[in-house]
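Raw final_33.cif, mmCIF, C-alpha atoms:
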```
data_data
#
loop_
_atom_site.group_PDB
_atom_site.id
_atom_site.type_symbol
_atom_site.label_atom_id
_atom_site.label_comp_id
_atom_site.auth_asym_id
_atom_site.auth_seq_id
_atom_site.Cartn_x
_atom_site.Cartn_y
_atom_site.Cartn_z
ATOM 1 C CA MET W 1 -74.152 -56.598 45.035
ATOM 2 C CA LYS W 2 -74.879 -53.045 43.853
ATOM 3 C CA ASP W 3 -77.928 -52.929 46.146
ATOM 4 C CA ARG W 4 -75.729 -53.842 49.127
ATOM 5 C CA ILE W 5 -73.178 -51.161 48.219
ATOM 6 C CA ASP W 6 -75.951 -48.570 47.871
ATOM 7 C CA GLU W 7 -77.301 -49.621 51.268
ATOM 8 C CA LEU W 8 -73.877 -49.233 52.889
ATOM 9 C CA ILE W 9 -73.367 -45.821 51.305
ATOM 10 C CA ALA W 10 -76.757 -44.701 52.613
ATOM 11 C CA LEU W 11 -75.765 -45.843 56.113
ATOM 12 C CA LEU W 12 -72.469 -43.967 55.925
ATOM 13 C CA GLU W 13 -74.270 -40.805 54.916
ATOM 14 C CA SER W 14 -77.064 -41.042 57.477
ATOM 15 C CA GLU W 15 -75.449 -42.633 60.543
ATOM 16 C CA PRO W 16 -71.769 -41.545 60.707
ATOM 17 C CA GLU W 17 -71.626 -41.205 64.500
ATOM 18 C CA ARG W 18 -73.302 -44.556 65.035
ATOM 19 C CA LEU W 19 -70.895 -46.227 62.615
ATOM 20 C CA ARG W 20 -67.890 -44.621 64.356
ATOM 21 C CA ALA W 21 -69.124 -45.874 67.717
ATOM 22 C CA ALA W 22 -69.593 -49.404 66.339
ATOM 23 C CA GLU W 23 -66.106 -49.354 64.807
ATOM 24 C CA PHE W 24 -64.636 -48.156 68.108
ATOM 25 C CA LEU W 25 -66.313 -51.017 70.012
ATOM 26 C CA GLN W 26 -65.138 -53.576 67.479
ATOM 27 C CA THR W 27 -61.583 -52.265 67.703
ATOM 28 C CA GLN W 28 -61.721 -52.269 71.498
ATOM 29 C CA HIS W 29 -62.797 -55.933 71.542
ATOM 30 C CA LEU W 30 -60.083 -56.839 69.062
ATOM 31 C CA LEU W 31 -57.424 -55.105 71.159
ATOM 32 C CA GLU W 32 -58.684 -56.861 74.289
ATOM 33 C CA SER W 33 -58.215 -60.199 72.493
ATOM 34 C CA LEU W 34 -54.525 -59.329 72.024
ATOM 35 C CA VAL W 35 -53.827 -59.146 75.776
ATOM 36 C CA GLY W 36 -51.093 -61.659 76.610
ATOM 37 C CA LYS W 37 -50.002 -62.134 72.977
ATOM 38 C CA SER W 38 -46.680 -60.983 71.578
ATOM 39 C CA VAL W 39 -46.709 -58.737 68.527
ATOM 40 C CA THR W 40 -43.978 -59.818 66.121
ATOM 41 C CA ALA W 41 -44.683 -57.355 63.305
ATOM 42 C CA ALA W 42 -46.739 -54.291 62.522
ATOM 43 C CA THR W 43 -46.998 -52.709 59.102
ATOM 44 C CA ILE W 44 -48.778 -49.685 57.734
ATOM 45 C CA GLU W 45 -50.424 -50.606 54.452
ATOM 46 C CA GLU W 46 -52.259 -48.324 52.050
ATOM 47 C CA THR W 47 -55.650 -48.605 53.761
ATOM 48 C CA ARG W 48 -54.962 -50.411 57.047
ATOM 49 C CA VAL W 49 -52.536 -51.309 59.790
ATOM 50 C CA ALA W 50 -51.654 -55.021 59.975
ATOM 51 C CA ILE W 51 -50.407 -56.620 63.190
ATOM 52 C CA THR W 52 -48.951 -60.140 63.330
ATOM 53 C CA THR W 53 -48.685 -62.036 66.613
ATOM 54 C CA SER W 54 -46.256 -64.779 67.587
ATOM 55 C CA ASP W 55 -48.902 -67.458 66.973
ATOM 56 C CA GLY W 56 -49.121 -66.356 63.317
ATOM 57 C CA SER W 57 -52.461 -64.570 63.591
ATOM 58 C CA ARG W 58 -52.911 -61.299 61.694
ATOM 59 C CA TYR W 59 -55.150 -58.469 62.831
ATOM 60 C CA TYR W 60 -56.204 -55.530 60.675
ATOM 61 C CA PHE W 61 -57.202 -52.067 61.747
ATOM 62 C CA TYR W 62 -58.854 -49.626 59.363
ATOM 63 C CA GLY W 63 -59.278 -45.906 59.732
ATOM 64 C CA PHE W 64 -57.657 -43.598 62.236
ATOM 65 C CA LEU W 65 -57.328 -44.987 65.750
ATOM 66 C CA GLY W 66 -55.324 -42.153 67.302
ATOM 67 C CA SER W 67 -53.371 -41.950 70.521
ATOM 68 C CA GLU W 68 -52.673 -39.500 73.297
ATOM 69 C CA GLY W 69 -49.728 -38.950 75.575
ATOM 70 C CA PRO W 70 -47.196 -36.421 76.725
ATOM 71 C CA PRO W 71 -45.675 -34.224 74.008
#
```

When written as structure tokens, how does the structure in this file appear?
Amino acid sequence: MKDRIDELIALLESEPERLRAAEFLQTQHLLESLVGKSVTAATIEETRVAITTSDGSRYYFYGFLGSEGPP
């Protein structure tokens, strides 16, 4: 287990942009899977955002996703 943690830490230190891009793509695919579903709850937890849909599924988002729009 410690070897795996060390490997992940090394990746975080050496490939931050690549990891951000992979996380963005994963989040994009997850959001696309929500099209047509109704969100019944959304909560901000200590380390993630949790979204519950009307079919009882829960989706988790980690990190900062951000948004843009008019002020």

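Note that the spacing between atom CA of W:Lys37 and atom CA of W:Gly56 amounts to 10.6 Å.
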
Separation of atom CA of W:Gln26 from atom CA of W:Val39 in Å: 19.2 Å

A straight line from atom CA of W:Leu34 to atom CA of W:Tyr59 spans 9.3 Å

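Among the candidates W:Leu30, W:Asp6, W:Glu46, W:Val35, the one nearest to W:Arg58 when counting only C-alpha atoms is W:Leu30.
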
Run the PyMOL selection byres ((chain W and resi 27) around 12) on the file and write out the hits as a ChimeraX atom specification. /W:20-26,28-34,59-66

Mind writing the picked residues with C-alpha atoms as a CSV table (one decimal), in the frame of the given file?
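As a result, part_30.csv now contains:
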```
chain,number,residue,atom,x,y,z
W,20,ARG,CA,-67.9,-44.6,64.4
W,21,ALA,CA,-69.1,-45.9,67.7
W,22,ALA,CA,-69.6,-49.4,66.3
W,23,GLU,CA,-66.1,-49.4,64.8
W,24,PHE,CA,-64.6,-48.2,68.1
W,25,LEU,CA,-66.3,-51.0,70.0
W,26,GLN,CA,-65.1,-53.6,67.5
W,28,GLN,CA,-61.7,-52.3,71.5
W,29,HIS,CA,-62.8,-55.9,71.5
W,30,LEU,CA,-60.1,-56.8,69.1
W,31,LEU,CA,-57.4,-55.1,71.2
W,32,GLU,CA,-58.7,-56.9,74.3
W,33,SER,CA,-58.2,-60.2,72.5
W,34,LEU,CA,-54.5,-59.3,72.0
W,59,TYR,CA,-55.2,-58.5,62.8
W,60,TYR,CA,-56.2,-55.5,60.7
W,61,PHE,CA,-57.2,-52.1,61.7
W,62,TYR,CA,-58.9,-49.6,59.4
W,63,GLY,CA,-59.3,-45.9,59.7
W,64,PHE,CA,-57.7,-43.6,62.2
W,65,LEU,CA,-57.3,-45.0,65.8
W,66,GLY,CA,-55.3,-42.2,67.3
```

When you get a chance, write out N, CA and C atoms for stretch 42-58 of chain W, as a PDB file, keeping the file's coordinate frame.
```
ATOM      1  N   ALA W  42     -45.653 -55.240  62.781  1.00  0.00           N
ATOM      2  CA  ALA W  42     -46.739 -54.291  62.522  1.00  0.00           C
ATOM      3  C   ALA W  42     -46.352 -53.514  61.272  1.00  0.00           C
ATOM      4  N   THR W  43     -47.266 -53.439  60.331  1.00  0.00           N
ATOM      5  CA  THR W  43     -46.998 -52.709  59.102  1.00  0.00           C
ATOM      6  C   THR W  43     -48.141 -51.759  58.798  1.00  0.00           C
ATOM      7  N   ILE W  44     -47.779 -50.646  58.190  1.00  0.00           N
ATOM      8  CA  ILE W  44     -48.778 -49.685  57.734  1.00  0.00           C
ATOM      9  C   ILE W  44     -48.936 -49.916  56.241  1.00  0.00           C
ATOM     10  N   GLU W  45     -50.113 -50.365  55.856  1.00  0.00           N
ATOM     11  CA  GLU W  45     -50.424 -50.606  54.452  1.00  0.00           C
ATOM     12  C   GLU W  45     -51.203 -49.409  53.919  1.00  0.00           C
ATOM     13  N   GLU W  46     -51.591 -49.470  52.672  1.00  0.00           N
ATOM     14  CA  GLU W  46     -52.259 -48.324  52.050  1.00  0.00           C
ATOM     15  C   GLU W  46     -53.554 -47.939  52.759  1.00  0.00           C
ATOM     16  N   THR W  47     -54.348 -48.910  53.169  1.00  0.00           N
ATOM     17  CA  THR W  47     -55.650 -48.605  53.761  1.00  0.00           C
ATOM     18  C   THR W  47     -55.839 -49.165  55.158  1.00  0.00           C
ATOM     19  N   ARG W  48     -54.803 -49.776  55.739  1.00  0.00           N
ATOM     20  CA  ARG W  48     -54.962 -50.411  57.047  1.00  0.00           C
ATOM     21  C   ARG W  48     -53.617 -50.604  57.730  1.00  0.00           C
ATOM     22  N   VAL W  49     -53.705 -50.905  59.006  1.00  0.00           N
ATOM     23  CA  VAL W  49     -52.536 -51.309  59.790  1.00  0.00           C
ATOM     24  C   VAL W  49     -52.688 -52.802  60.025  1.00  0.00           C
ATOM     25  N   ALA W  50     -51.621 -53.566  59.780  1.00  0.00           N
ATOM     26  CA  ALA W  50     -51.654 -55.021  59.975  1.00  0.00           C
ATOM     27  C   ALA W  50     -50.707 -55.384  61.112  1.00  0.00           C
ATOM     28  N   ILE W  51     -51.206 -56.169  62.053  1.00  0.00           N
ATOM     29  CA  ILE W  51     -50.407 -56.620  63.190  1.00  0.00           C
ATOM     30  C   ILE W  51     -50.346 -58.139  63.149  1.00  0.00           C
ATOM     31  N   THR W  52     -49.144 -58.690  63.283  1.00  0.00           N
ATOM     32  CA  THR W  52     -48.951 -60.140  63.330  1.00  0.00           C
ATOM     33  C   THR W  52     -48.485 -60.515  64.722  1.00  0.00           C
ATOM     34  N   THR W  53     -49.072 -61.566  65.280  1.00  0.00           N
ATOM     35  CA  THR W  53     -48.685 -62.036  66.613  1.00  0.00           C
ATOM     36  C   THR W  53     -47.816 -63.285  66.483  1.00  0.00           C
ATOM     37  N   SER W  54     -47.185 -63.658  67.594  1.00  0.00           N
ATOM     38  CA  SER W  54     -46.256 -64.779  67.587  1.00  0.00           C
ATOM     39  C   SER W  54     -46.909 -66.111  67.225  1.00  0.00           C
ATOM     40  N   ASP W  55     -48.228 -66.216  67.365  1.00  0.00           N
ATOM     41  CA  ASP W  55     -48.902 -67.458  66.973  1.00  0.00           C
ATOM     42  C   ASP W  55     -49.284 -67.464  65.493  1.00  0.00           C
ATOM     43  N   GLY W  56     -48.866 -66.431  64.754  1.00  0.00           N
ATOM     44  CA  GLY W  56     -49.121 -66.356  63.317  1.00  0.00           C
ATOM     45  C   GLY W  56     -50.412 -65.678  62.932  1.00  0.00           C
ATOM     46  N   SER W  57     -51.203 -65.259  63.893  1.00  0.00           N
ATOM     47  CA  SER W  57     -52.461 -64.570  63.591  1.00  0.00           C
ATOM     48  C   SER W  57     -52.172 -63.161  63.088  1.00  0.00           C
ATOM     49  N   ARG W  58     -53.029 -62.674  62.189  1.00  0.00           N
ATOM     50  CA  ARG W  58     -52.911 -61.299  61.694  1.00  0.00           C
ATOM     51  C   ARG W  58     -54.192 -60.555  62.025  1.00  0.00           C
TER      52      ARG W  58
END
```
